[in-house]
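Worksheet: one structure, shown below.
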Amino acid sequence: MEIGMTHYLALSAFMFTTGVIGVLTRRNAIVIFMSIELMLNAVNLSLVTFSHYLNDVQGQMLVFFVMTVAAAEAAVGLAIVISMFRNKQTINIDEINILKY
Amino acid sequence: MPEINLSTAFFIGLGSLTIVASLGTILSRSPVTSALFLVLNFFALGGIYLLLEAQFIAVVQVIVYAGAIMVLFLFVIMLLNLEDEQRLTERYDVKKGFAILFAGLLLVEVLYVVGLKTPAIAPRLGTVAAEIGTAKYIGQQLLTEFLFPFEIISVLLLGAIVGAVVLAKKNFGPERATAKTTL
């Protein structure tokens, strides 16, 4: 059995779906962040796959930039989580509804 | 028994490790366990990047993701001292059932598109497959063709640093500097 592009893309699709389920079902804001990281990594995997099979470096450059954006997102997001916890003593997203009318 | 070569065996091993770790991330009760499963997932993905001959990305994946970002996550989890969440099955309701149903539909849809027909791929000529993943080649591209995005991303990181410090500061604004907070 030879491993081709389809197998890598299927693995990426599975990881992405796992991340989607995590975002939709979990209550903890930090776990939701981790699920977002899962989705970003799934997309990174498909980008590296395309880069490998198209013999083109652009996919890997995009992965590099996605990683930078993920780092920035994690830093700002966790700072928001900390300030939310300071005000409400919880980070369960269904208990934080101060923007709700 | 069909012949299995080494890269296939590595793909099966690392791929199943990736799947198990990503499921563990969303299913485990404690946020710390979730974070450790996610670290495992990132290591397995680094191995898969090596299979795809992307050496630089594999190393960056382990250093930046598993090293830096996950340490930040664990630091915040332990700083906040969170209690365990209820298990997914213990608080099942209709909304969550629909969420899982539609996520499953998404998976089926993407797998259908992926398996539909492999497009005729024309690999770019003039580059060697094993060379484009090396730090040398990526560094050359980064400082020539991708110089502008590279500089923009450094501004983005600076903005993120400033934003994180401002958001996580206890009080900001002169009028609130003396106010007592409960935490």
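Ligands are numbered from 1 in the order shown, residues from 1 within each chain, and chains are lettered A, B, ... in the order they appear in the structure tokens.
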
Distance-based interface of chain A with chain B, 7 Å, counting only C-alpha atoms, as a VMD selection string: chain A and resid 1 to 3 6 9 to 11 13 to 15 17 to 18 20 to 22 24 to 25 31 49 52 to 57 71 to 72 75 to 76 79 to 80 82 to 83 86

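As for atom CA of A:Ile96 and atom CA of A:Arg26, they are spaced 13.9 Å apart.
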
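Rounded to one decimal, atom CA of B:Val39 and atom CA of B:Ala66 lie 5.3 Å from each other.
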
Name all residues at most 7 Å from A:Met39 (count only C-alpha atoms; drop same-chain ones fewer than 2 positions away) and give them as an mmCIF file with C-alpha atoms, in the first residue's frame.
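Output file around21.cif follows:
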```cif
data_model
loop_
_atom_site.group_PDB
_atom_site.id
_atom_site.type_symbol
_atom_site.label_atom_id
_atom_site.label_comp_id
_atom_site.auth_asym_id
_atom_site.auth_seq_id
_atom_site.Cartn_x
_atom_site.Cartn_y
_atom_site.Cartn_z
ATOM 1 C CA MET A 15 -8.222 16.560 12.779
ATOM 2 C CA PHE A 16 -10.189 19.585 11.586
ATOM 3 C CA GLY A 19 -11.376 20.680 16.423
ATOM 4 C CA SER A 35 -9.492 23.102 19.659
ATOM 5 C CA ILE A 36 -8.805 26.157 17.495
ATOM 6 C CA GLU A 37 -5.119 25.220 17.564
ATOM 7 C CA ASN A 41 -2.721 22.455 12.651
ATOM 8 C CA ALA A 42 -5.074 20.444 10.436
ATOM 9 C CA VAL A 43 -4.888 23.205 7.824
#
```

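Taking atom CA of B:Asn81 and atom CA of A:Asn97 as the two end points, the separation is 21.6 Å.
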
If DSSP is run on the backbone, what residues of stretch 23-157 of chain B are alpha helix (DSSP H)? A reply as number ranges by chain would be ideal. B: 23-27, 31-51, 55-60, 70-80, 94-116, 135-142, 147-157
